[in-house]
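Novice: Before anything else, here's the structure in question.
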Amino acid sequence: MAEVSNKQVIFKDYVSGFPTDADMYMTTSTMSLKVPEGSQAVLVKNLYLSCDPYMRARMTYTHTSYIGSFKPGSVLNGFGVAKVLDSGHPNFSKGDLIWGFTGWEEYTLMTSTETLFKIPTTDVPLSYYIGILGMPGAVGQLVGQFAKLLGCYVVGSAGTKEKVDLLKDKFGFDDAFNYKEEPDLASCLKRYFPEGIDIYFDNVGGEMLDAVLPRMRSHGRIAVCGMISQYNMEKPEGLCNLISIIIKQVKIQGFLVRSYYHLYPKYMEMVLPHIKEGKIVYVEDTVEGLENAPQALIGLFSGANVGKQV
């Protein structure tokens, strides 16, 4: 049975503070391009890998994570797009294109297929299935565009002038600001929302969330999808303005994508026409080569990427 070399990104050890290149390393193993006899495993060639902020939380040992910590000495894993090379599973065949949970390596033998999805159409770039058509489909650049399609007045926050201009000029936000240039976030939010905020989509946490709470309108809603400002802190920041939740009768709800996979077909029906008609603009920041994946992941936490990091 033929074997091939398989480049892999290995997680070295648990991380404190900001991750660095030294927390991951490259290695090469060998593997067969056939699934074990009688197995329902799926063997894939990985084509695109997704760099996502939640992966930082997995670099710290914890019992409370919803997805589990990385194991030191093991291959990193996350969402990706891949092509099936061999399959013992009745739902997947050689040649299928899939997206789902895979290894940070050239080839992956998947023994669990619960989070694998066949790619139904290839008339959009395959990499979209780890972005707008995949797990992080409503965050960052996209959620504001969806809100605009529904008639909302939308203001975005970003960390560079380039990104602020992108939000306004390319993604069609009504306004945007550079939070790094705002010494007082409360005053900033009052300036952009003189009558208050109805909906806040939070992927940041920390100071921004604390500043938003008193600015919320009565019965406002906060969707919490991530807290990138907190992932590298040994002791996360506390919030001072929680009383606003009572005073403003604010509804705050956390969201995990795995609870909504049943809505994926409905989402695809909604978003694909918007993409093809140019009503949604999607920007990617693509790095070539598995050996460059660690630096691409680390760059998320300094804002090095412009668009979805692939």
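We name chains A, B, ... following the order of the structure tokens; residues begin at 1 in each chain, and ligands are numbered from 1 as shown.
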Can you tell me, as a ChimeraX atom specification, what residues are no more than 9 Å from Phe255 in chain A when counting only C-alpha atoms, ignoring any on the same chain fewer than 3 positions away?
Specialist: /A:223-226,258-260
Novice: With a distance cut-off of 12 Å and only C-alpha atoms, select the neighbouring residues of range 230-240 of chain A, excluding the residue or stretch itself and same-chain residues fewer than 5 positions from it, and output the selection as a ChimeraX atom specification.
Specialist: /A:14-20,52-61,203-214,245,298,300-302
Novice: Could you take the residues named above and write them with N, CA and C atoms, as an mmCIF file, in the first residue's frame?
Specialist:
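This went into result28.cif:
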```cif
data_model
loop_
_atom_site.group_PDB
_atom_site.id
_atom_site.type_symbol
_atom_site.label_atom_id
_atom_site.label_comp_id
_atom_site.auth_asym_id
_atom_site.auth_seq_id
_atom_site.Cartn_x
_atom_site.Cartn_y
_atom_site.Cartn_z
ATOM 1 N N TYR A 14 1.135 24.228 26.204
ATOM 2 C CA TYR A 14 0.144 25.237 26.570
ATOM 3 C C TYR A 14 0.773 26.625 26.659
ATOM 4 N N VAL A 15 -0.027 27.622 26.289
ATOM 5 C CA VAL A 15 0.461 28.981 26.087
ATOM 6 C C VAL A 15 -0.048 29.907 27.180
ATOM 7 N N SER A 16 0.826 30.820 27.612
ATOM 8 C CA SER A 16 0.444 31.905 28.509
ATOM 9 C C SER A 16 0.711 33.210 27.782
ATOM 10 N N GLY A 17 -0.271 34.099 27.743
ATOM 11 C CA GLY A 17 -0.102 35.348 27.012
ATOM 12 C C GLY A 17 -0.274 35.153 25.522
ATOM 13 N N PHE A 18 0.390 36.005 24.739
ATOM 14 C CA PHE A 18 0.244 35.932 23.288
ATOM 15 C C PHE A 18 1.012 34.738 22.728
ATOM 16 N N PRO A 19 0.407 33.960 21.828
ATOM 17 C CA PRO A 19 1.128 32.844 21.205
ATOM 18 C C PRO A 19 2.220 33.347 20.273
ATOM 19 N N THR A 20 3.264 32.530 20.088
ATOM 20 C CA THR A 20 4.364 32.864 19.183
ATOM 21 C C THR A 20 4.657 31.669 18.285
ATOM 22 N N ASP A 52 -8.789 31.005 13.081
ATOM 23 C CA ASP A 52 -9.894 31.611 13.809
ATOM 24 C C ASP A 52 -9.487 31.960 15.239
ATOM 25 N N PRO A 53 -10.004 33.083 15.777
ATOM 26 C CA PRO A 53 -9.619 33.507 17.120
ATOM 27 C C PRO A 53 -9.893 32.483 18.212
ATOM 28 N N TYR A 54 -10.969 31.684 18.089
ATOM 29 C CA TYR A 54 -11.280 30.714 19.140
ATOM 30 C C TYR A 54 -10.140 29.716 19.360
ATOM 31 N N MET A 55 -9.265 29.566 18.362
ATOM 32 C CA MET A 55 -8.177 28.601 18.478
ATOM 33 C C MET A 55 -7.195 28.994 19.576
ATOM 34 N N ARG A 56 -7.107 30.301 19.874
ATOM 35 C CA ARG A 56 -6.226 30.730 20.962
ATOM 36 C C ARG A 56 -6.690 30.143 22.293
ATOM 37 N N ALA A 57 -7.989 30.116 22.533
ATOM 38 C CA ALA A 57 -8.509 29.553 23.786
ATOM 39 C C ALA A 57 -8.136 28.078 23.927
ATOM 40 N N ARG A 58 -8.012 27.381 22.815
ATOM 41 C CA ARG A 58 -7.670 25.964 22.845
ATOM 42 C C ARG A 58 -6.189 25.729 23.143
ATOM 43 N N MET A 59 -5.395 26.801 23.133
ATOM 44 C CA MET A 59 -3.975 26.688 23.451
ATOM 45 C C MET A 59 -3.707 26.761 24.954
ATOM 46 N N THR A 60 -4.763 26.965 25.733
ATOM 47 C CA THR A 60 -4.669 26.987 27.191
ATOM 48 C C THR A 60 -5.420 25.785 27.738
ATOM 49 N N TYR A 61 -4.829 25.125 28.726
ATOM 50 C CA TYR A 61 -5.499 23.951 29.288
ATOM 51 C C TYR A 61 -6.715 24.390 30.100
ATOM 52 N N ASN A 203 -17.907 40.396 19.261
ATOM 53 C CA ASN A 203 -16.874 39.399 19.040
ATOM 54 C C ASN A 203 -15.570 39.845 19.715
ATOM 55 N N VAL A 204 -15.697 40.827 20.641
ATOM 56 C CA VAL A 204 -14.532 41.482 21.234
ATOM 57 C C VAL A 204 -14.482 41.323 22.748
ATOM 58 N N GLY A 205 -15.594 41.634 23.439
ATOM 59 C CA GLY A 205 -15.617 41.582 24.894
ATOM 60 C C GLY A 205 -14.851 42.740 25.518
ATOM 61 N N GLY A 206 -14.511 42.602 26.809
ATOM 62 C CA GLY A 206 -13.656 43.553 27.492
ATOM 63 C C GLY A 206 -14.194 44.969 27.530
ATOM 64 N N GLU A 207 -13.302 45.939 27.299
ATOM 65 C CA GLU A 207 -13.643 47.355 27.417
ATOM 66 C C GLU A 207 -14.776 47.770 26.486
ATOM 67 N N MET A 208 -14.791 47.206 25.277
ATOM 68 C CA MET A 208 -15.829 47.600 24.321
ATOM 69 C C MET A 208 -17.208 47.152 24.816
ATOM 70 N N LEU A 209 -17.308 45.930 25.257
ATOM 71 C CA LEU A 209 -18.587 45.445 25.775
ATOM 72 C C LEU A 209 -19.025 46.281 26.974
ATOM 73 N N ASP A 210 -18.082 46.623 27.847
ATOM 74 C CA ASP A 210 -18.407 47.407 29.038
ATOM 75 C C ASP A 210 -18.897 48.798 28.655
ATOM 76 N N ALA A 211 -18.305 49.382 27.603
ATOM 77 C CA ALA A 211 -18.724 50.707 27.158
ATOM 78 C C ALA A 211 -20.078 50.669 26.456
ATOM 79 N N VAL A 212 -20.383 49.555 25.795
ATOM 80 C CA VAL A 212 -21.641 49.418 25.062
ATOM 81 C C VAL A 212 -22.832 49.323 26.021
ATOM 82 N N LEU A 213 -22.673 48.617 27.123
ATOM 83 C CA LEU A 213 -23.813 48.314 28.005
ATOM 84 C C LEU A 213 -24.624 49.559 28.404
ATOM 85 N N PRO A 214 -23.999 50.637 28.888
ATOM 86 C CA PRO A 214 -24.814 51.807 29.262
ATOM 87 C C PRO A 214 -25.409 52.544 28.062
ATOM 88 N N ILE A 245 -27.769 46.123 32.289
ATOM 89 C CA ILE A 245 -28.580 45.015 31.781
ATOM 90 C C ILE A 245 -29.969 45.058 32.410
ATOM 91 N N ILE A 298 -1.155 33.511 14.451
ATOM 92 C CA ILE A 298 -0.662 34.464 15.445
ATOM 93 C C ILE A 298 -1.036 35.885 15.057
ATOM 94 N N LEU A 300 -3.626 37.076 13.812
ATOM 95 C CA LEU A 300 -4.998 37.474 14.147
ATOM 96 C C LEU A 300 -5.031 38.364 15.380
ATOM 97 N N PHE A 301 -4.124 38.111 16.326
ATOM 98 C CA PHE A 301 -4.203 38.765 17.623
ATOM 99 C C PHE A 301 -3.474 40.103 17.666
ATOM 100 N N SER A 302 -2.852 40.468 16.552
ATOM 101 C CA SER A 302 -2.281 41.804 16.417
ATOM 102 C C SER A 302 -2.970 42.572 15.290
#
```
Novice: I need the residues of range 37-165 of chain A that end up classed as helix (DSSP H, G or I) by DSSP on the backbone, written out as a list in words.
Specialist: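 After running DSSP on the backbone, range 37-165 of chain A has helix (DSSP H, G or I) at Tyr54, Met55, Arg56, Ala57, Leu126, Ser127, Tyr128, Tyr129, Ile130, Gln141, Leu142, Val143, Gly144, Gln145, Phe146, Ala147, Lys148, Leu149, Lys161, Glu162, Lys163, Val164 and Asp165 of chain A.
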Novice: What does the distance between CA of Ser127 in chain A and CA of Val81 in chain A come to in Å, to one decimal place?
Specialist: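 Value for the CA of Ser127 in chain A-CA of Val81 in chain A distance: 6.9 Å.
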Novice: Can you tell me, as a list in words, what residues are no more than 8 Å from Lys190 in chain A when counting only C-alpha atoms, ignoring any on the same chain fewer than 5 positions away?
Specialist: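 Neighbouring residues, sequence-local ones excluded: Glu195, Gly196 and Arg215 of chain A.
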Novice: Taking all heavy atoms for each residue, export the selection above as an mmCIF file, in the first residue's frame.
Specialist:
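Okay, this is what ended up in selection-v9.cif:
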```cif
data_model
loop_
_atom_site.group_PDB
_atom_site.id
_atom_site.type_symbol
_atom_site.label_atom_id
_atom_site.label_comp_id
_atom_site.auth_asym_id
_atom_site.auth_seq_id
_atom_site.Cartn_x
_atom_site.Cartn_y
_atom_site.Cartn_z
ATOM 1 N N GLU A 195 -28.788 58.344 20.156
ATOM 2 C CA GLU A 195 -30.059 57.850 20.691
ATOM 3 C C GLU A 195 -29.949 56.423 21.223
ATOM 4 O O GLU A 195 -30.963 55.814 21.575
ATOM 5 C CB GLU A 195 -31.131 57.916 19.602
ATOM 6 C CG GLU A 195 -31.416 59.345 19.129
ATOM 7 C CD GLU A 195 -32.474 59.403 18.044
ATOM 8 O OE1 GLU A 195 -33.090 58.341 17.769
ATOM 9 O OE2 GLU A 195 -32.679 60.479 17.474
ATOM 10 N N GLY A 196 -28.736 55.895 21.279
ATOM 11 C CA GLY A 196 -28.532 54.560 21.846
ATOM 12 C C GLY A 196 -28.411 53.472 20.788
ATOM 13 O O GLY A 196 -28.601 53.697 19.590
ATOM 14 N N ARG A 215 -24.883 52.243 26.871
ATOM 15 C CA ARG A 215 -25.347 52.923 25.660
ATOM 16 C C ARG A 215 -26.506 52.174 25.003
ATOM 17 O O ARG A 215 -27.108 52.675 24.034
ATOM 18 C CB ARG A 215 -24.189 53.039 24.664
ATOM 19 C CG ARG A 215 -24.333 54.106 23.637
ATOM 20 C CD ARG A 215 -24.104 55.498 24.225
ATOM 21 N NE ARG A 215 -25.039 56.469 23.660
ATOM 22 C CZ ARG A 215 -25.648 57.415 24.350
ATOM 23 N NH1 ARG A 215 -25.443 57.543 25.634
ATOM 24 N NH2 ARG A 215 -26.465 58.246 23.757
#
```
Novice: Could you give me, as an NGL selection string, each residue of range 26-118 of chain A that DSSP assigns to strand (DSSP E or B) when run on this structure's backbone?
Specialist: :A and (26-32 or 42-49 or 75 or 77-87 or 97-103 or 105 or 107-110 or 116-118)
Novice: Just want the 10 Å neighbourhood of range 115-119 of chain A, counted on only C-alpha atoms, with same-chain residues fewer than 4 positions away dropped. Output as a list of chain:residue names.
Specialist: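 Those residues are A:Val42, A:Phe79, A:Gly80, A:Val81, A:Ala82, A:Lys83, A:Asn91, A:Phe92, A:Asp96, A:Leu97, A:Ile98, A:Trp99, A:Gly100, A:Phe101, A:Thr102, A:Met110, A:Leu126, A:Tyr129, A:Leu133, A:Gly134, A:Arg258, A:Tyr261.
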Novice: One decimal, in Å: what's the spacing between CA of Tyr264 in chain A and CA of Lys94 in chain A?
Specialist: 23.7 Å
Novice: At a cut-off of 12 Å, can you tabulate as JSON lines every residue of range 253-295 of chain A near range 151-167 of chain A together with its closest atom pair and the distance in Å to one decimal, using only C-alpha atoms and ordering rows by chain then number?
Specialist:
```
{"residue": "A:Val281", "atom": "CA", "partner": "A:Leu167", "partner_atom": "CA", "distance": 10.4}
{"residue": "A:Tyr282", "atom": "CA", "partner": "A:Leu166", "partner_atom": "CA", "distance": 11.0}
{"residue": "A:Val283", "atom": "CA", "partner": "A:Leu166", "partner_atom": "CA", "distance": 9.7}
```
Novice: Write the residues of the selection above to a file with all heavy atoms, as a PDB file, in the first residue's frame.
Specialist:
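File produced: part_1.pdb:
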```pdb
ATOM      1  N   VAL A 281     -20.280  41.601  -0.021  1.00  0.00           N
ATOM      2  CA  VAL A 281     -18.864  41.644  -0.393  1.00  0.00           C
ATOM      3  C   VAL A 281     -18.077  40.852   0.639  1.00  0.00           C
ATOM      4  O   VAL A 281     -18.281  41.021   1.846  1.00  0.00           O
ATOM      5  CB  VAL A 281     -18.354  43.100  -0.452  1.00  0.00           C
ATOM      6  CG1 VAL A 281     -16.876  43.123  -0.813  1.00  0.00           C
ATOM      7  CG2 VAL A 281     -19.168  43.904  -1.445  1.00  0.00           C
ATOM      8  N   TYR A 282     -17.185  39.998   0.177  1.00  0.00           N
ATOM      9  CA  TYR A 282     -16.431  39.140   1.092  1.00  0.00           C
ATOM     10  C   TYR A 282     -14.941  39.256   0.773  1.00  0.00           C
ATOM     11  O   TYR A 282     -14.536  39.113  -0.380  1.00  0.00           O
ATOM     12  CB  TYR A 282     -16.896  37.688   0.945  1.00  0.00           C
ATOM     13  CG  TYR A 282     -16.208  36.724   1.864  1.00  0.00           C
ATOM     14  CD1 TYR A 282     -16.259  36.902   3.245  1.00  0.00           C
ATOM     15  CD2 TYR A 282     -15.512  35.624   1.367  1.00  0.00           C
ATOM     16  CE1 TYR A 282     -15.634  36.006   4.093  1.00  0.00           C
ATOM     17  CE2 TYR A 282     -14.892  34.721   2.209  1.00  0.00           C
ATOM     18  CZ  TYR A 282     -14.952  34.923   3.570  1.00  0.00           C
ATOM     19  OH  TYR A 282     -14.334  34.041   4.418  1.00  0.00           O
ATOM     20  N   VAL A 283     -14.143  39.527   1.796  1.00  0.00           N
ATOM     21  CA  VAL A 283     -12.706  39.740   1.622  1.00  0.00           C
ATOM     22  C   VAL A 283     -11.925  38.688   2.394  1.00  0.00           C
ATOM     23  O   VAL A 283     -12.206  38.430   3.577  1.00  0.00           O
ATOM     24  CB  VAL A 283     -12.290  41.150   2.093  1.00  0.00           C
ATOM     25  CG1 VAL A 283     -10.773  41.318   2.044  1.00  0.00           C
ATOM     26  CG2 VAL A 283     -12.964  42.214   1.230  1.00  0.00           C
TER      27      VAL A 283
END
```
Novice: What does the distance from CA of Met24 in chain A to CA of Asp86 in chain A come to in Å, to one decimal?
Specialist: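 Between these atoms lies a distance of 28.9 Å.
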Novice: With only C-alpha atoms as the counted atoms, please give the residues lying no more than 8 Å from range 287-293 of chain A, apart from itself and same-chain residues fewer than 4 positions off, as a JSON list (two decimals) with all heavy atoms, in the first residue's frame.
Specialist:
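File produced: result03.json:
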```json
[["chain", "number", "residue", "atom", "x", "y", "z"],
["A", 7, "LYS", "N", 3.22, 16.65, 5.71],
["A", 7, "LYS", "CA", 3.64, 17.78, 6.54],
["A", 7, "LYS", "C", 2.54, 18.12, 7.55],
["A", 7, "LYS", "O", 1.35, 18.13, 7.21],
["A", 7, "LYS", "CB", 3.94, 19.01, 5.67],
["A", 7, "LYS", "CG", 5.25, 18.94, 4.93],
["A", 7, "LYS", "CD", 5.67, 20.30, 4.38],
["A", 7, "LYS", "CE", 4.70, 20.82, 3.34],
["A", 7, "LYS", "NZ", 5.17, 22.09, 2.73],
["A", 8, "GLN", "N", 2.96, 18.43, 8.78],
["A", 8, "GLN", "CA", 2.01, 18.68, 9.86],
["A", 8, "GLN", "C", 2.47, 19.86, 10.71],
["A", 8, "GLN", "O", 3.67, 20.10, 10.88],
["A", 8, "GLN", "CB", 1.89, 17.44, 10.76],
["A", 8, "GLN", "CG", 1.41, 16.19, 10.03],
["A", 8, "GLN", "CD", 1.51, 14.96, 10.91],
["A", 8, "GLN", "OE1", 2.56, 14.69, 11.51],
["A", 8, "GLN", "NE2", 0.43, 14.20, 11.02],
["A", 9, "VAL", "N", 1.49, 20.58, 11.28],
["A", 9, "VAL", "CA", 1.77, 21.62, 12.28],
["A", 9, "VAL", "C", 1.44, 21.03, 13.65],
["A", 9, "VAL", "O", 0.30, 20.63, 13.90],
["A", 9, "VAL", "CB", 0.94, 22.89, 12.04],
["A", 9, "VAL", "CG1", 1.25, 23.94, 13.12],
["A", 9, "VAL", "CG2", 1.20, 23.46, 10.66],
["A", 26, "MET", "N", 6.83, 22.49, 12.80],
["A", 26, "MET", "CA", 6.54, 21.63, 11.66],
["A", 26, "MET", "C", 7.22, 20.29, 11.81],
["A", 26, "MET", "O", 8.33, 20.18, 12.34],
["A", 26, "MET", "CB", 7.03, 22.28, 10.36],
["A", 26, "MET", "CG", 6.38, 23.61, 10.02],
["A", 26, "MET", "SD", 4.62, 23.48, 9.66],
["A", 26, "MET", "CE", 4.63, 22.36, 8.25],
["A", 51, "CYS", "N", -7.97, 30.09, 9.90],
["A", 51, "CYS", "CA", -7.37, 30.63, 11.13],
["A", 51, "CYS", "C", -8.46, 31.41, 11.86],
["A", 51, "CYS", "O", -8.99, 32.39, 11.31],
["A", 51, "CYS", "CB", -6.20, 31.55, 10.80],
["A", 51, "CYS", "SG", -4.82, 30.74, 10.00],
["A", 104, "TRP", "N", -4.36, 20.30, 10.81],
["A", 104, "TRP", "CA", -3.43, 21.22, 10.16],
["A", 104, "TRP", "C", -2.27, 20.41, 9.60],
["A", 104, "TRP", "O", -1.18, 20.33, 10.17],
["A", 104, "TRP", "CB", -2.95, 22.27, 11.17],
["A", 104, "TRP", "CG", -3.90, 23.44, 11.28],
["A", 104, "TRP", "CD1", -5.26, 23.39, 11.21],
["A", 104, "TRP", "CD2", -3.55, 24.81, 11.46],
["A", 104, "TRP", "NE1", -5.80, 24.65, 11.34],
["A", 104, "TRP", "CE2", -4.76, 25.54, 11.50],
["A", 104, "TRP", "CE3", -2.34, 25.49, 11.61],
["A", 104, "TRP", "CZ2", -4.79, 26.93, 11.67],
["A", 104, "TRP", "CZ3", -2.37, 26.87, 11.78],
["A", 104, "TRP", "CH2", -3.58, 27.58, 11.81],
["A", 105, "GLU", "N", -2.54, 19.76, 8.48],
["A", 105, "GLU", "CA", -1.61, 18.85, 7.84],
["A", 105, "GLU", "C", -2.04, 18.68, 6.39],
["A", 105, "GLU", "O", -3.13, 19.11, 6.01],
["A", 105, "GLU", "CB", -1.59, 17.50, 8.58],
["A", 105, "GLU", "CG", -2.97, 16.88, 8.71],
["A", 105, "GLU", "CD", -3.02, 15.67, 9.63],
["A", 105, "GLU", "OE1", -1.95, 15.14, 9.99],
["A", 105, "GLU", "OE2", -4.13, 15.24, 9.99],
["A", 106, "GLU", "N", -1.18, 18.06, 5.61],
["A", 106, "GLU", "CA", -1.52, 17.88, 4.19],
["A", 106, "GLU", "C", -2.65, 16.87, 4.00],
["A", 106, "GLU", "O", -3.56, 17.07, 3.19],
["A", 106, "GLU", "CB", -0.28, 17.43, 3.42],
["A", 106, "GLU", "CG", 0.78, 18.51, 3.28],
["A", 106, "GLU", "CD", 1.97, 18.02, 2.48],
["A", 106, "GLU", "OE1", 2.78, 17.24, 3.03],
["A", 106, "GLU", "OE2", 2.10, 18.42, 1.31],
["A", 297, "LEU", "N", -1.97, 32.46, 11.96],
["A", 297, "LEU", "CA", -2.83, 32.35, 13.14],
["A", 297, "LEU", "C", -2.44, 33.39, 14.18],
["A", 297, "LEU", "O", -3.29, 34.10, 14.73],
["A", 297, "LEU", "CB", -2.74, 30.94, 13.72],
["A", 297, "LEU", "CG", -3.52, 30.69, 15.02],
["A", 297, "LEU", "CD1", -5.01, 30.94, 14.81],
["A", 297, "LEU", "CD2", -3.28, 29.27, 15.52],
["A", 309, "GLN", "N", -8.91, 35.27, 7.54],
["A", 309, "GLN", "CA", -7.59, 34.68, 7.39],
["A", 309, "GLN", "C", -7.70, 33.22, 6.97],
["A", 309, "GLN", "O", -8.31, 32.40, 7.67],
["A", 309, "GLN", "CB", -6.80, 34.77, 8.70],
["A", 309, "GLN", "CG", -5.35, 34.31, 8.58],
["A", 309, "GLN", "CD", -4.52, 35.24, 7.71],
["A", 309, "GLN", "OE1", -4.22, 36.36, 8.09],
["A", 309, "GLN", "NE2", -4.18, 34.78, 6.52],
["A", 310, "VAL", "N", -7.13, 32.90, 5.83],
["A", 310, "VAL", "CA", -7.17, 31.55, 5.25],
["A", 310, "VAL", "C", -5.75, 31.08, 5.03],
["A", 310, "VAL", "O", -4.92, 31.84, 4.52],
["A", 310, "VAL", "CB", -7.93, 31.56, 3.89],
["A", 310, "VAL", "CG1", -7.90, 30.18, 3.25],
["A", 310, "VAL", "CG2", -9.37, 32.03, 4.11]]
```
Novice: Measuring between only C-alpha atoms, which one of A:Leu256, A:Met227, A:Asp184, A:Ile132 shows the shortest distance to Ile275 in chain A?
Specialist: A:Ile132
Novice: Would you kindly return, as an mmCIF file with N, CA, C and O atoms, in the first residue's frame, each protein, DNA or RNA residue with an atom no farther than 10 Å from any atom of Ser32 in chain A, considering only C-alpha atoms and excluding same-chain residues fewer than 5 positions away?
Specialist:
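Saved the output as part_7.cif:
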```cif
data_model
loop_
_atom_site.group_PDB
_atom_site.id
_atom_site.type_symbol
_atom_site.label_atom_id
_atom_site.label_comp_id
_atom_site.auth_asym_id
_atom_site.auth_seq_id
_atom_site.Cartn_x
_atom_site.Cartn_y
_atom_site.Cartn_z
ATOM 1 N N MET A 1 0.853 -1.187 0.000
ATOM 2 C CA MET A 1 0.000 0.000 0.000
ATOM 3 C C MET A 1 0.894 1.243 0.000
ATOM 4 O O MET A 1 1.770 1.395 0.849
ATOM 5 N N ALA A 2 0.687 2.143 -0.957
ATOM 6 C CA ALA A 2 1.550 3.308 -1.108
ATOM 7 C C ALA A 2 1.428 4.252 0.085
ATOM 8 O O ALA A 2 0.336 4.462 0.621
ATOM 9 N N GLU A 3 2.571 4.795 0.483
ATOM 10 C CA GLU A 3 2.589 5.786 1.545
ATOM 11 C C GLU A 3 3.127 7.108 1.007
ATOM 12 O O GLU A 3 3.900 7.132 0.049
ATOM 13 N N VAL A 4 2.685 8.206 1.620
ATOM 14 C CA VAL A 4 3.138 9.532 1.210
ATOM 15 C C VAL A 4 3.638 10.284 2.433
ATOM 16 O O VAL A 4 3.272 9.971 3.571
ATOM 17 N N SER A 5 4.489 11.274 2.195
ATOM 18 C CA SER A 5 4.914 12.140 3.298
ATOM 19 C C SER A 5 3.795 13.125 3.609
ATOM 20 O O SER A 5 3.024 13.526 2.727
ATOM 21 N N ASN A 6 3.683 13.503 4.871
ATOM 22 C CA ASN A 6 2.569 14.332 5.333
ATOM 23 C C ASN A 6 3.104 15.428 6.245
ATOM 24 O O ASN A 6 3.428 15.182 7.406
ATOM 25 N N LEU A 43 -10.546 9.644 4.312
ATOM 26 C CA LEU A 43 -9.211 10.182 4.114
ATOM 27 C C LEU A 43 -9.286 11.361 3.153
ATOM 28 O O LEU A 43 -9.858 11.245 2.069
ATOM 29 N N TYR A 107 -2.613 15.766 4.746
ATOM 30 C CA TYR A 107 -3.619 14.703 4.648
ATOM 31 C C TYR A 107 -4.148 14.395 6.041
ATOM 32 O O TYR A 107 -3.388 14.375 7.010
ATOM 33 N N LEU A 109 -6.796 11.628 8.194
ATOM 34 C CA LEU A 109 -7.698 10.475 8.286
ATOM 35 C C LEU A 109 -8.749 10.814 9.329
ATOM 36 O O LEU A 109 -8.454 10.926 10.514
#
```
Novice: I'd like to know which of A:Gly254, A:Pro265, A:Lys168, A:Asp285 is closest to Asn305 in chain A, using only C-alpha atoms.
Specialist: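 Nearest candidate to Asn305 in chain A out of A:Gly254, A:Pro265, A:Lys168, A:Asp285: A:Asp285.
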